[in-house]
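Engineer: File name input-v6.cif; file contents mmCIF, C-alpha atoms; full text below.
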data_start
loop_
_atom_site.label_atom_id
_atom_site.label_comp_id
_atom_site.auth_asym_id
_atom_site.auth_seq_id
_atom_site.Cartn_x
_atom_site.Cartn_y
_atom_site.Cartn_z
CA MET E 963 33.08 124.32 94.99
CA ASP E 964 34.15 127.47 93.21
CA LEU E 965 37.67 128.83 92.99
CA ASP E 966 38.46 131.48 95.57
CA PHE E 967 39.26 134.55 93.50
CA ASP E 968 38.40 136.97 96.29
CA LYS E 969 41.27 136.01 98.60
CA THR E 970 43.84 137.59 96.31
CA GLY E 971 42.00 140.52 94.84
CA GLY E 972 40.45 138.64 91.97
CA LEU E 973 43.55 136.89 90.63
CA ILE E 974 44.91 133.42 91.31
CA PRO E 975 48.24 132.00 90.18
CA ALA E 976 48.07 129.49 87.33
CA VAL E 977 51.03 127.15 86.97
CA VAL E 978 51.53 125.86 83.44
CA GLN E 979 53.19 122.48 83.14
CA ASP E 980 54.09 120.43 80.06
CA HIS E 981 51.76 117.43 80.26
CA ARG E 982 54.35 115.03 78.89
CA THR E 983 57.67 116.11 80.36
CA GLY E 984 56.37 117.66 83.59
CA ARG E 985 58.46 120.77 83.03
CA VAL E 986 57.01 123.92 84.56
CA LEU E 987 56.75 126.34 81.66
CA MET E 988 55.38 129.54 83.19
CA VAL E 989 53.26 131.04 85.92
CA GLY E 990 50.45 133.39 84.96
CA PHE E 991 47.48 134.83 86.77
CA MET E 992 43.82 134.23 86.01
CA ASN E 993 40.75 136.15 87.00
CA GLU E 994 37.38 134.44 86.88
CA GLU E 995 36.82 135.37 83.23
CA ALA E 996 40.26 134.10 82.16
CA PHE E 997 39.60 130.82 83.93
CA ARG E 998 36.19 130.48 82.29
CA ARG E 999 37.66 131.15 78.84
CA THR E 1000 40.46 128.66 79.47
CA VAL E 1001 37.93 125.96 80.30
CA GLU E 1002 35.55 126.82 77.47
CA SER E 1003 38.11 127.35 74.71
CA GLY E 1004 40.65 124.73 75.71
CA PHE E 1005 43.46 127.29 75.34
CA ALA E 1006 45.17 128.77 78.37
CA THR E 1007 44.06 132.36 78.90
CA PHE E 1008 45.43 134.68 81.54
CA TYR E 1009 44.88 138.12 82.94
CA SER E 1010 47.83 140.34 82.14
CA ARG E 1011 48.62 142.42 85.19
CA SER E 1012 50.84 144.80 83.21
CA ARG E 1013 48.34 145.34 80.39
CA GLN E 1014 45.30 144.93 82.65
CA LYS E 1015 43.36 142.83 80.19
CA LEU E 1016 42.68 139.23 79.22
CA TRP E 1017 45.51 137.59 77.40
CA LEU E 1018 45.10 134.50 75.25
CA LYS E 1019 48.60 133.03 75.45
CA GLY E 1020 49.93 132.76 71.90
CA GLU E 1021 47.59 135.33 70.39
CA SER E 1022 50.52 137.12 68.76
CA SER E 1023 53.14 134.37 68.58
CA GLY E 1024 50.88 131.45 67.73
CA HIS E 1025 52.46 129.58 70.63
CA ARG E 1026 49.18 128.57 72.20
CA LEU E 1027 48.81 126.24 75.15
CA VAL E 1028 46.35 123.40 74.59
CA VAL E 1029 44.77 122.43 77.89
CA LYS E 1030 45.04 118.75 78.80
CA GLU E 1031 44.06 118.82 82.47
CA ILE E 1032 43.28 121.44 85.10
CA SER E 1033 43.77 120.82 88.81
CA THR E 1034 43.23 123.02 91.82
CA ASP E 1035 44.69 123.00 95.29
CA CYS E 1036 43.30 122.42 98.76
CA ASP E 1037 42.44 126.09 99.27
CA LEU E 1038 40.96 126.49 95.78
CA ASP E 1039 43.16 129.54 95.24
CA ALA E 1040 45.63 128.28 92.62
CA VAL E 1041 45.35 126.17 89.50
CA LEU E 1042 47.71 123.80 87.75
CA VAL E 1043 47.19 123.66 84.00
CA GLN E 1044 48.79 120.78 82.19
CA VAL E 1045 49.22 121.60 78.54
CA GLU E 1046 50.58 120.72 75.18
CA ALA E 1047 52.59 123.76 74.20
CA LEU E 1048 52.32 124.61 70.50
CA GLY E 1049 55.48 126.05 68.99
CA PRO E 1050 59.11 125.98 70.05
CA GLY E 1051 58.81 127.78 73.35
CA VAL E 1052 56.51 129.43 75.85
CA CYS E 1053 58.80 132.26 76.93
CA HIS E 1054 58.78 135.50 74.95
CA GLU E 1055 62.56 135.63 75.44
CA GLY E 1056 63.01 132.60 73.19
CA TYR E 1057 63.13 129.75 75.67
CA GLU E 1058 61.06 126.60 76.07
CA SER E 1059 60.22 127.61 79.65
CA CYS E 1060 60.14 131.00 81.34
CA PHE E 1061 62.14 129.37 84.14
CA PHE E 1062 65.43 129.41 82.26
CA ARG E 1063 67.52 130.86 85.09
CA ARG E 1064 68.64 129.02 88.18
CA LEU E 1065 70.25 130.22 91.34
CA ALA E 1066 73.92 129.25 91.57
CA ASP E 1067 76.34 130.75 94.05
CA GLY E 1068 73.94 133.57 94.80
CA GLN E 1069 73.51 134.57 91.16
CA TRP E 1070 70.80 133.88 88.59
CA GLN E 1071 72.47 131.97 85.80
CA ILE E 1072 70.93 131.02 82.48
CA LYS E 1073 70.67 127.24 82.37
CA ASP E 1074 68.92 126.72 79.02
CA ARG E 1075 69.55 127.43 75.38
CA GLN E 1076 67.08 129.43 73.36
CA THR E 1077 64.76 127.30 71.24
CA TYR E 1078 63.77 130.07 68.85
CA ASP E 1079 64.61 133.64 67.90
CA PRO E 1080 62.14 135.91 69.70
CA ASN E 1081 62.80 138.78 67.31
CA ALA E 1082 61.63 136.67 64.39
CA VAL E 1083 58.43 135.75 66.24
CA TYR E 1084 57.58 138.92 68.09
CA GLY E 1085 59.22 141.40 65.68
CA GLY E 1086 61.08 143.18 68.41
CA LYS E 1087 58.09 143.72 70.65
CA ALA E 1088 57.66 141.43 73.61
CA MET W 617 69.40 140.82 88.99
CA ASP W 618 67.11 140.82 91.99
CA LEU W 619 63.66 139.32 92.16
CA ASP W 620 60.85 141.79 91.55
CA PHE W 621 58.87 141.74 94.76
CA ASP W 622 57.42 145.21 94.22
CA LYS W 623 55.28 144.34 91.21
CA THR W 624 52.88 142.29 93.31
CA GLY W 625 52.88 144.11 96.62
CA GLY W 626 55.86 142.32 98.09
CA LEU W 627 54.86 138.72 97.39
CA ILE W 628 55.75 136.44 94.50
CA PRO W 629 54.32 133.00 93.77
CA ALA W 630 56.61 130.07 94.53
CA VAL W 631 55.86 126.82 92.74
CA VAL W 632 57.07 123.75 94.59
CA GLN W 633 57.91 120.74 92.45
CA ASP W 634 59.17 117.29 93.42
CA HIS W 635 62.70 117.20 92.05
CA ARG W 636 62.48 113.53 91.09
CA THR W 637 58.95 112.98 89.80
CA GLY W 638 58.26 116.49 88.53
CA ARG W 639 54.93 116.59 90.32
CA VAL W 640 53.79 120.06 91.33
CA LEU W 641 53.21 119.81 95.07
CA MET W 642 51.97 123.25 96.08
CA VAL W 643 52.05 126.95 95.34
CA GLY W 644 53.01 129.34 98.10
CA PHE W 645 53.98 132.97 98.26
CA MET W 646 57.32 134.40 99.32
CA ASN W 647 58.28 137.86 100.39
CA GLU W 648 61.90 138.90 100.26
CA GLU W 649 62.62 137.59 103.75
CA ALA W 650 60.99 134.20 103.05
CA PHE W 651 63.07 133.88 99.90
CA ARG W 652 66.25 134.79 101.75
CA ARG W 653 65.53 132.25 104.48
CA THR W 654 64.76 129.58 101.88
CA VAL W 655 68.12 130.14 100.23
CA GLU W 656 70.08 130.37 103.47
CA SER W 657 68.45 127.48 105.32
CA GLY W 658 67.86 125.13 102.42
CA PHE W 659 64.26 124.59 103.57
CA ALA W 660 61.34 126.15 101.70
CA THR W 661 59.91 129.06 103.66
CA PHE W 662 56.86 131.05 102.66
CA TYR W 663 54.89 134.05 103.74
CA SER W 664 51.47 132.99 104.99
CA ARG W 665 48.91 135.43 103.67
CA SER W 666 46.25 134.21 106.10
CA ARG W 667 48.50 134.35 109.17
CA GLN W 668 50.53 137.30 107.89
CA LYS W 669 53.85 135.89 108.99
CA LEU W 670 56.76 133.78 107.79
CA TRP W 671 56.00 130.11 107.56
CA LEU W 672 58.67 127.44 107.51
CA LYS W 673 56.84 124.65 105.69
CA GLY W 674 56.78 121.61 107.96
CA GLU W 675 57.40 123.53 111.18
CA SER W 676 54.45 121.74 112.83
CA SER W 677 54.15 118.57 110.74
CA GLY W 678 57.83 117.87 110.20
CA HIS W 679 57.09 117.63 106.48
CA ARG W 680 59.84 119.98 105.44
CA LEU W 681 60.85 120.71 101.87
CA VAL W 682 64.56 120.31 101.18
CA VAL W 683 65.59 122.69 98.42
CA LYS W 684 67.39 121.09 95.50
CA GLU W 685 67.24 123.89 92.92
CA ILE W 686 65.64 127.32 92.62
CA SER W 687 64.78 128.87 89.27
CA THR W 688 63.17 132.16 88.36
CA ASP W 689 61.25 133.30 85.33
CA CYS W 690 61.87 135.88 82.63
CA ASP W 691 60.20 138.67 84.59
CA LEU W 692 61.90 137.74 87.88
CA ASP W 693 58.50 137.72 89.57
CA ALA W 694 57.99 134.01 90.28
CA VAL W 695 60.20 131.20 91.52
CA LEU W 696 60.23 127.47 90.94
CA VAL W 697 61.59 125.52 93.88
CA GLN W 698 62.53 121.93 93.19
CA VAL W 699 62.54 119.95 96.41
CA GLU W 700 62.81 116.69 98.18
CA ALA W 701 59.66 116.52 100.27
CA LEU W 702 60.22 114.97 103.69
CA GLY W 703 57.28 112.95 104.96
CA PRO W 704 54.32 111.33 103.26
CA GLY W 705 52.67 114.44 101.86
CA VAL W 706 52.85 118.19 101.43
CA CYS W 707 49.15 118.97 101.75
CA HIS W 708 47.67 119.55 105.19
CA GLU W 709 44.60 117.63 104.02
CA GLY W 710 46.60 114.40 103.87
CA TYR W 711 47.66 114.26 100.24
CA GLU W 712 51.04 114.06 98.53
CA SER W 713 50.24 117.21 96.57
CA CYS W 714 47.86 120.08 97.28
CA PHE W 715 46.68 119.66 93.69
CA PHE W 716 44.56 116.58 94.41
CA ARG W 717 41.43 117.77 92.58
CA ARG W 718 41.00 117.93 88.84
CA LEU W 719 38.30 119.48 86.72
CA ALA W 720 36.03 116.88 85.14
CA ASP W 721 32.69 117.69 83.54
CA GLY W 722 32.66 121.10 85.17
CA GLN W 723 33.23 119.75 88.69
CA TRP W 724 36.31 119.49 90.89
CA GLN W 725 36.83 115.81 91.55
CA ILE W 726 39.35 114.27 93.92
CA LYS W 727 41.85 112.33 91.83
CA ASP W 728 44.29 111.13 94.51
CA ARG W 729 44.22 108.98 97.61
CA GLN W 730 45.38 110.35 100.92
CA THR W 731 48.91 109.35 101.82
CA TYR W 732 48.58 110.02 105.54
CA ASP W 733 46.01 110.88 108.20
CA PRO W 734 46.09 114.66 108.72
CA ASN W 735 44.42 114.38 112.13
CA ALA W 736 47.27 112.23 113.38
CA VAL W 737 49.83 114.75 112.16
CA TYR W 738 48.15 118.07 112.79
CA GLY W 739 45.98 117.00 115.73
CA GLY W 740 42.85 118.44 114.23
CA LYS W 741 44.31 121.84 113.45
CA ALA W 742 45.41 122.60 109.94
#
In structure tokens, what does this structure look like?
Structural biologist:
Amino acid sequence: MDLDFDKTGGLIPAVVQDHRTGRVLMVGFMNEEAFRRTVESGFATFYSRSRQKLWLKGESSGHRLVVKEISTDCDLDAVLVQVEALGPGVCHEGYESCFFRRLADGQWQIKDRQTYDPNAVYGGKA
Amino acid sequence: MDLDFDKTGGLIPAVVQDHRTGRVLMVGFMNEEAFRRTVESGFATFYSRSRQKLWLKGESSGHRLVVKEISTDCDLDAVLVQVEALGPGVCHEGYESCFFRRLADGQWQIKDRQTYDPNAVYGGKA
């Protein structure tokens, strides 16, 4: 019962959720190799579509995602990764979650406060 | 601040989460029209990649997803839709959540019990 990477050109969406609070922290994509490394290493690893290479989340920031449980869906073409997030936030813009904007009156409004200074962590480069 | 549908060929992943329990129920894809209909109607609407058309979730089962809040991520290329799920389950295989299998000892194992009989709802067709 293998994951279906072929359906979507080799990449499946991976939803990252805080294992304690249930908050959805980010959505990344995994190819087969990223999924294998995630399972084997215990740290969430994605395939960066913009950089076109494997991306161990937290490799530059230290904000790694420790895998607690991995689930898949009925069609085997998405995964849900429940994690313990190391560090103050998952988002490179300084927030706990990448989903820090909500739709209100037709506009995307920031709903969260930053939990860290991204410039201090990433040194100006995202 | 529009969503970035172009990055991924017109479709962005949409994570559906129960607004009360925080459980991730499914992942679908939306094109711009599906997103617009979701916002305007208040019911989650996706683009079915297999059927290549818009798909109002629950149009055959009645298990619609009432939108409570929509968030987007830092890159504006994914959405999180918090919903009230009408009916006993979101998954066409009879489960509350499509993520009913978890990885254990290298195998996908069913972790949930069915909450309804899919044959009674879908009449044998998924």
Engineer: Using only C-alpha atoms, determine which residues lie at most 7 Å from range 1039-1052 of chain E, disregarding the query and same-chain residues fewer than 4 positions distant; provide the list as a ChimeraX atom specification.
Structural biologist: /E:965-967,974-981,987,1025-1035,1056-1060,1077-1078
Engineer: If you apply the PyMOL selection byres ((chain E and resi 991) around 7) to this file, what residues do you get, as a ChimeraX atom specification?
Structural biologist: /E:973-976,989-990,992-993,1008-1009
Engineer: For this structure, which residues satisfy the selection - the PyMOL selection byres ((chain E and resi 1065) around 10) - when it is evaluated on the file as given? I want them as a ChimeraX atom specification.
Structural biologist: /E:1063-1064,1066-1073 /W:655,685-688
Engineer: Go ahead and compute the interatomic distance for CA of Arg667 in chain W and CA of Ser1010 in chain E, in Å to one decimal.
Structural biologist: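 Calculated distance between CA of Arg667 in chain W and CA of Ser1010 in chain E is 27.7 Å.
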Engineer: Separation of CA of Lys1015 in chain E and CA of Arg999 in chain E, in Å?
Structural biologist: 13.1 Å
Engineer: Could you tell me how far CA of Gly984 in chain E lies from CA of Phe1005 in chain E, in Å and to one decimal?
Structural biologist: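 Between CA of Gly984 in chain E and CA of Phe1005 in chain E the gap works out to 18.1 Å.
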Engineer: Any chance you could work out the axis-aligned box around range 1031-1046 of chain E, listed atoms only, 4 Å on each side, giving centre and edge lengths in Å to one decimal, as lines of an AutoDock Vina configuration file?
Structural biologist:
center_x = 45.8
center_y = 124.2
center_z = 87.2
size_x = 17.6
size_y = 18.7
size_z = 32.1
Engineer: Which is closest to Glu994 in chain E among E:Asp964, E:Asp1079, E:Asp1074, E:Glu1055, if we use all atoms listed in the file?
Structural biologist: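 Residue with the minimum atom-to-atom distance to Glu994 in chain E: E:Asp964.
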Engineer: Excluding Tyr738 in chain W and any residue of its chain fewer than 6 positions from it, enumerate the residues within 9 Å of it, using only C-alpha atoms, and give them as a list in words.
Structural biologist: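 Everything that qualifies: Ser676, Ser677 and His708 of chain W.
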Engineer: Store the residues picked out above, limited to C-alpha atoms, as an mmCIF file, in the coordinates of the input.
Structural biologist:
data_model
loop_
_atom_site.group_PDB
_atom_site.id
_atom_site.type_symbol
_atom_site.label_atom_id
_atom_site.label_comp_id
_atom_site.auth_asym_id
_atom_site.auth_seq_id
_atom_site.Cartn_x
_atom_site.Cartn_y
_atom_site.Cartn_z
ATOM 1 C CA SER W 676 54.450 121.740 112.830
ATOM 2 C CA SER W 677 54.150 118.570 110.740
ATOM 3 C CA HIS W 708 47.670 119.550 105.190
#
